[in-house]
Each structure stands twice: as C-alpha cells, then as structure tokens.
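Undergrad: Can you keep this structure in mind? I'll have questions shortly.
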Amino acid sequence: MTEREYNQCVTAYADNVYRFILKNLRHEEDARDIVQSAFEKLWRNRENVESEKSKSYLFTIAYNQMIDHIRKVKRIQLKDEFNEEVKVGHQSNSNTKKVLMEALNTLNETQKSLVMLKDYEGYNYEEIGKIMGLNESQVKVYLHRARIALKNYLVSPENVL
C-alpha cells in the first residue's frame with residue numbers, strides 16, 4: 001500500500017470505522033482513540049497490506065481493539081459518575097431511535113457487532129467472519145440469534161413502535 005492509497009483509505013473509511021466503534025462503545029473519546037490507533041497500525045503495516053483489503057484489515061484491527069478496550073474497562077469497573085457526559089450528541093429524540101438503540105444494547109458484544117457489520121455497514125458473511133475471527137456458519141447462526149433477540153425485544157408490548 002502506497003502513501004497515496006493509505007490517504008485514500010483514511011478518507012474513504014474513517015467515518016465508517018468511527019460510527020461502527022461509537023455505536024458499540026457509546027463513548028466518543030474512546031471511539032476516536034480506537035480509530036486513530038487502528039489507522040496507526042495500518043500505517044505501520046502498510047507495506048504488508050494490499051489496498052483492496054485495507055477496509056477489511058482496518059475494521060478487523062478496530063474491532064479487536066474495541067474488544068480489548070471493553071475487557072479492560074470491565075476489569076477496572078469505573079463508577080458511573082460521568083454517565084450523563086458520555087451520551088452521544090448526535091442522537092435525535094425520536095422514540096423509534098431510542099427503542100432501536102435499547103434493543104441493540106440488549107445484545108451481547110458479538111451479536112451487536114455482527115448486526116452492525118451486516119445491517120449497518122453492509123459487509124457479507126465472509127468479510128464479517130474475517131473481521132471477527134469466526135467462520136461463515138458461525139456468523140450466520142450468531143446473526144440469526146441476534147435478529148431473533150431484537151425481534152423479541154421490539155415486539156414486546158412495552159416496546160411496540
């Protein structure tokens with residue numbers, strides 16, 4: 001990957017990677033740090049990465065760093081003193097969006113990432129498998145279970161849209 005191809009990769013994928021990480025973490029600063037770190041790793045390994053595979057490589061790095069971050073935060077178990085400051089400023093106040101976000105948040109980390117990669121980012125099963133370290137069958141099964149969980153949450157009487 002040349003420097004020009006790297007710059008094109010930054011321009012093309014930075015927002016997508018950031019949105020994906022932010023939707024999972026719901027913390028802007030941590031999402032920025034993870035995205036920056038992912039691009040830094042891509043830069044350091046640019047000679048070994050083909051430009052056609054840079055998007056998949058980038059999402060894989062970012063996903064793995066996000067998982068590491070979540071594990072680290074769980075070990076530290078920070079207090080919720082700053083909970084109000086963590087809210088994302090981009091969300092509208094619509095009830096539909098709120099219910100959908102609550103539904104996504106009921107899923108475990110793997111299921112949530114699968115739904116985001118497939119339905120929000122548009123990856124195919126094979127690409128998702130490479131990003132998350134799963135085989136294609138596992139991706140299909142886990143995604144199916146995640147969608148069932150989402151459906152059950154969304155059709156419950158208190159959440160019907």
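Chain lettering (A, B, ...) mirrors the order of the structure tokens, residue numbering begins at 1 for each chain separately, and ligand numbering begins at 1 in order of display.
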Near segment 99-116 of chain A, within 7 Å and counting only C-alpha atoms, which residues show up once chain neighbours fewer than 2 positions away are dropped, as a PDB file with N, CA and C atoms, in the first residue's frame?

TA:
```pdb
ATOM      1  N   PHE A  20     -19.013   2.724  13.519  1.00  0.00           N
ATOM      2  CA  PHE A  20     -19.121   1.346  14.000  1.00  0.00           C
ATOM      3  C   PHE A  20     -18.647   1.238  15.445  1.00  0.00           C
ATOM      4  N   ASN A  95     -38.615   8.530  19.561  1.00  0.00           N
ATOM      5  CA  ASN A  95     -38.849   7.316  20.328  1.00  0.00           C
ATOM      6  C   ASN A  95     -38.368   6.075  19.568  1.00  0.00           C
ATOM      7  N   THR A  96     -38.528   6.079  18.258  1.00  0.00           N
ATOM      8  CA  THR A  96     -38.118   4.931  17.448  1.00  0.00           C
ATOM      9  C   THR A  96     -36.628   4.672  17.575  1.00  0.00           C
ATOM     10  N   LYS A  97     -35.845   5.711  17.418  1.00  0.00           N
ATOM     11  CA  LYS A  97     -34.387   5.561  17.502  1.00  0.00           C
ATOM     12  C   LYS A  97     -33.976   5.101  18.904  1.00  0.00           C
ATOM     13  N   LYS A 118     -23.206  -6.263   9.475  1.00  0.00           N
ATOM     14  CA  LYS A 118     -24.041  -6.779   8.385  1.00  0.00           C
ATOM     15  C   LYS A 118     -25.079  -5.750   7.931  1.00  0.00           C
ATOM     16  N   ASP A 119     -25.865  -5.269   8.863  1.00  0.00           N
ATOM     17  CA  ASP A 119     -27.011  -4.443   8.503  1.00  0.00           C
ATOM     18  C   ASP A 119     -26.691  -2.956   8.395  1.00  0.00           C
ATOM     19  N   TYR A 120     -25.670  -2.503   9.089  1.00  0.00           N
ATOM     20  CA  TYR A 120     -25.357  -1.076   9.069  1.00  0.00           C
ATOM     21  C   TYR A 120     -24.221  -0.770   8.104  1.00  0.00           C
ATOM     22  N   GLU A 121     -23.179  -1.607   8.124  1.00  0.00           N
ATOM     23  CA  GLU A 121     -22.020  -1.374   7.266  1.00  0.00           C
ATOM     24  C   GLU A 121     -22.096  -2.127   5.945  1.00  0.00           C
ATOM     25  N   TYR A 142     -24.987 -16.849  14.650  1.00  0.00           N
ATOM     26  CA  TYR A 142     -24.989 -15.791  15.658  1.00  0.00           C
ATOM     27  C   TYR A 142     -25.842 -14.602  15.207  1.00  0.00           C
ATOM     28  N   LEU A 143     -25.773 -14.272  13.922  1.00  0.00           N
ATOM     29  CA  LEU A 143     -26.566 -13.171  13.404  1.00  0.00           C
ATOM     30  C   LEU A 143     -28.059 -13.506  13.460  1.00  0.00           C
ATOM     31  N   ALA A 146     -29.158 -13.126  16.990  1.00  0.00           N
ATOM     32  CA  ALA A 146     -29.222 -11.709  17.355  1.00  0.00           C
ATOM     33  C   ALA A 146     -30.497 -11.073  16.814  1.00  0.00           C
ATOM     34  N   LEU A 150     -33.532  -9.326  18.831  1.00  0.00           N
ATOM     35  CA  LEU A 150     -34.014  -7.983  18.517  1.00  0.00           C
ATOM     36  C   LEU A 150     -35.517  -7.983  18.256  1.00  0.00           C
ATOM     37  N   TYR A 153     -37.466  -8.380  21.446  1.00  0.00           N
ATOM     38  CA  TYR A 153     -37.460  -7.152  22.232  1.00  0.00           C
ATOM     39  C   TYR A 153     -38.406  -6.119  21.624  1.00  0.00           C
ATOM     40  N   LEU A 154     -38.348  -5.969  20.301  1.00  0.00           N
ATOM     41  CA  LEU A 154     -39.132  -4.936  19.630  1.00  0.00           C
ATOM     42  C   LEU A 154     -40.628  -5.207  19.608  1.00  0.00           C
ATOM     43  N   ASN A 159     -42.531  -2.133  24.124  1.00  0.00           N
ATOM     44  CA  ASN A 159     -41.640  -1.548  23.130  1.00  0.00           C
ATOM     45  C   ASN A 159     -42.216  -1.444  21.740  1.00  0.00           C
TER      46      ASN A 159
END
```

Undergrad: What's around Met1 of chain A at 7 Å? Count only C-alpha atoms, leave out sequence neighbours fewer than 4 positions away in its own chain, and write the answer as a list in words.

TA: Glu5, Tyr6, Arg46, Glu47, Val49, Glu50 and Ser51 of chain A

Undergrad: List as a list in words the protein and nucleic acid residues near Cys9 of chain A, meaning an atom at most 9 Å away when only C-alpha atoms are counted, but skip any in the same chain fewer than 4 places from it.

TA: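 The residues satisfying every condition are Arg4, Glu5, Tyr13, Ala14, Ser51, Ser54 and Lys55 of chain A.
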
Undergrad: What does the file look like for those residues with N, CA and C atoms, as a PDB file, in the first residue's frame?

TA:
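Output file result-v3.pdb follows:
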```
ATOM      1  N   ARG A   4      -0.273   7.269  -0.923  1.00  0.00           N
ATOM      2  CA  ARG A   4      -1.473   7.796  -1.561  1.00  0.00           C
ATOM      3  C   ARG A   4      -2.673   6.885  -1.301  1.00  0.00           C
ATOM      4  N   GLU A   5      -2.480   5.576  -1.413  1.00  0.00           N
ATOM      5  CA  GLU A   5      -3.550   4.614  -1.156  1.00  0.00           C
ATOM      6  C   GLU A   5      -3.968   4.652   0.319  1.00  0.00           C
ATOM      7  N   TYR A  13     -12.763   5.497   4.660  1.00  0.00           N
ATOM      8  CA  TYR A  13     -13.259   4.600   5.709  1.00  0.00           C
ATOM      9  C   TYR A  13     -13.258   5.161   7.123  1.00  0.00           C
ATOM     10  N   ALA A  14     -12.659   6.305   7.352  1.00  0.00           N
ATOM     11  CA  ALA A  14     -12.553   6.831   8.721  1.00  0.00           C
ATOM     12  C   ALA A  14     -13.921   6.999   9.379  1.00  0.00           C
ATOM     13  N   SER A  51      -4.047  -2.817  -0.921  1.00  0.00           N
ATOM     14  CA  SER A  51      -5.014  -1.716  -0.828  1.00  0.00           C
ATOM     15  C   SER A  51      -6.455  -2.204  -0.971  1.00  0.00           C
ATOM     16  N   SER A  54      -7.688  -3.254   2.462  1.00  0.00           N
ATOM     17  CA  SER A  54      -7.449  -2.311   3.555  1.00  0.00           C
ATOM     18  C   SER A  54      -8.685  -2.084   4.423  1.00  0.00           C
ATOM     19  N   LYS A  55      -9.881  -2.074   3.821  1.00  0.00           N
ATOM     20  CA  LYS A  55     -11.110  -1.856   4.597  1.00  0.00           C
ATOM     21  C   LYS A  55     -11.324  -2.996   5.589  1.00  0.00           C
TER      22      LYS A  55
END
```

Undergrad: Could you name the residues that touch segment 26-43 of chain A at 9 Å or less, counting only C-alpha atoms, but leaving out those on the same chain fewer than 3 positions away, as a short mmCIF file (atom, residue, chain, number, x, y, z; two decimals) with N, CA and C atoms, in the first residue's frame?

TA:
```
data_model
loop_
_atom_site.label_atom_id
_atom_site.label_comp_id
_atom_site.auth_asym_id
_atom_site.auth_seq_id
_atom_site.Cartn_x
_atom_site.Cartn_y
_atom_site.Cartn_z
N GLU A 3 1.59 5.48 0.08
CA GLU A 3 1.11 6.56 0.95
C GLU A 3 -0.18 7.16 0.39
N TYR A 6 -2.98 4.84 1.19
CA TYR A 6 -3.30 4.96 2.63
C TYR A 6 -4.18 6.20 2.86
N VAL A 10 -7.96 6.42 4.44
CA VAL A 10 -8.39 7.29 5.55
C VAL A 10 -9.63 8.07 5.16
N ALA A 14 -12.66 6.30 7.35
CA ALA A 14 -12.55 6.83 8.72
C ALA A 14 -13.92 7.00 9.38
N VAL A 17 -15.61 3.49 10.17
CA VAL A 17 -15.00 2.80 11.31
C VAL A 17 -15.40 3.51 12.61
N TYR A 18 -15.36 4.84 12.60
CA TYR A 18 -15.72 5.60 13.78
C TYR A 18 -17.17 5.33 14.19
N ARG A 19 -18.10 5.36 13.21
CA ARG A 19 -19.51 5.09 13.52
C ARG A 19 -19.69 3.70 14.11
N PHE A 20 -19.01 2.72 13.52
CA PHE A 20 -19.12 1.35 14.00
C PHE A 20 -18.65 1.24 15.44
N ILE A 21 -17.50 1.79 15.75
CA ILE A 21 -16.96 1.72 17.11
C ILE A 21 -17.82 2.53 18.07
N LEU A 22 -18.25 3.71 17.66
CA LEU A 22 -19.07 4.56 18.53
C LEU A 22 -20.40 3.91 18.87
N LYS A 23 -21.02 3.25 17.89
CA LYS A 23 -22.30 2.58 18.14
C LYS A 23 -22.14 1.47 19.17
N ARG A 46 1.51 -0.92 6.40
CA ARG A 46 1.00 -0.62 5.05
C ARG A 46 1.73 -1.39 3.96
N GLU A 47 2.98 -1.73 4.18
CA GLU A 47 3.74 -2.47 3.16
C GLU A 47 3.25 -3.91 3.03
N VAL A 49 -0.03 -4.79 3.56
CA VAL A 49 -1.47 -4.79 3.34
C VAL A 49 -1.77 -4.38 1.90
N SER A 54 -7.69 -3.25 2.46
CA SER A 54 -7.45 -2.31 3.55
C SER A 54 -8.69 -2.08 4.42
N TYR A 57 -9.07 -5.11 6.70
CA TYR A 57 -7.96 -5.08 7.65
C TYR A 57 -8.22 -4.03 8.72
N LEU A 58 -8.67 -2.86 8.30
CA LEU A 58 -8.93 -1.76 9.22
C LEU A 58 -10.05 -2.08 10.20
N PHE A 59 -11.15 -2.63 9.69
CA PHE A 59 -12.26 -3.00 10.57
C PHE A 59 -11.85 -4.11 11.54
N THR A 60 -11.03 -5.04 11.08
CA THR A 60 -10.56 -6.12 11.95
C THR A 60 -9.73 -5.56 13.10
N ILE A 61 -8.81 -4.69 12.77
CA ILE A 61 -7.97 -4.06 13.81
C ILE A 61 -8.85 -3.29 14.79
N ALA A 62 -9.74 -2.46 14.27
CA ALA A 62 -10.60 -1.64 15.13
C ALA A 62 -11.49 -2.51 16.01
N TYR A 63 -12.06 -3.56 15.43
CA TYR A 63 -12.92 -4.46 16.20
C TYR A 63 -12.14 -5.11 17.35
N GLN A 65 -9.41 -4.08 18.79
CA GLN A 65 -9.05 -3.08 19.80
C GLN A 65 -10.26 -2.69 20.65
N MET A 66 -11.43 -2.65 20.03
CA MET A 66 -12.65 -2.35 20.77
C MET A 66 -12.91 -3.44 21.81
N HIS A 69 -10.54 -3.06 24.60
CA HIS A 69 -10.93 -1.91 25.42
C HIS A 69 -12.09 -2.27 26.35
N VAL A 86 -21.32 11.13 28.94
CA VAL A 86 -20.95 10.15 27.94
C VAL A 86 -21.94 10.08 26.78
N LYS A 87 -23.12 10.61 26.94
CA LYS A 87 -24.15 10.49 25.92
C LYS A 87 -23.68 11.07 24.59
N VAL A 88 -24.09 10.44 23.53
CA VAL A 88 -23.73 10.88 22.18
C VAL A 88 -24.61 12.05 21.79
#
```

Undergrad: I need the residues of segment 7-61 of chain A that end up classed as alpha helix (DSSP H) by DSSP on the backbone, written out as a VMD selection string.

TA: chain A and resid 7 to 25 28 to 44 54 to 61

Undergrad: If you measure from atom CA of Asn64 of chain A to atom CA of Met132 of chain A, what distance in Å do you get, rounded to one decimal?

TA: 7.7 Å
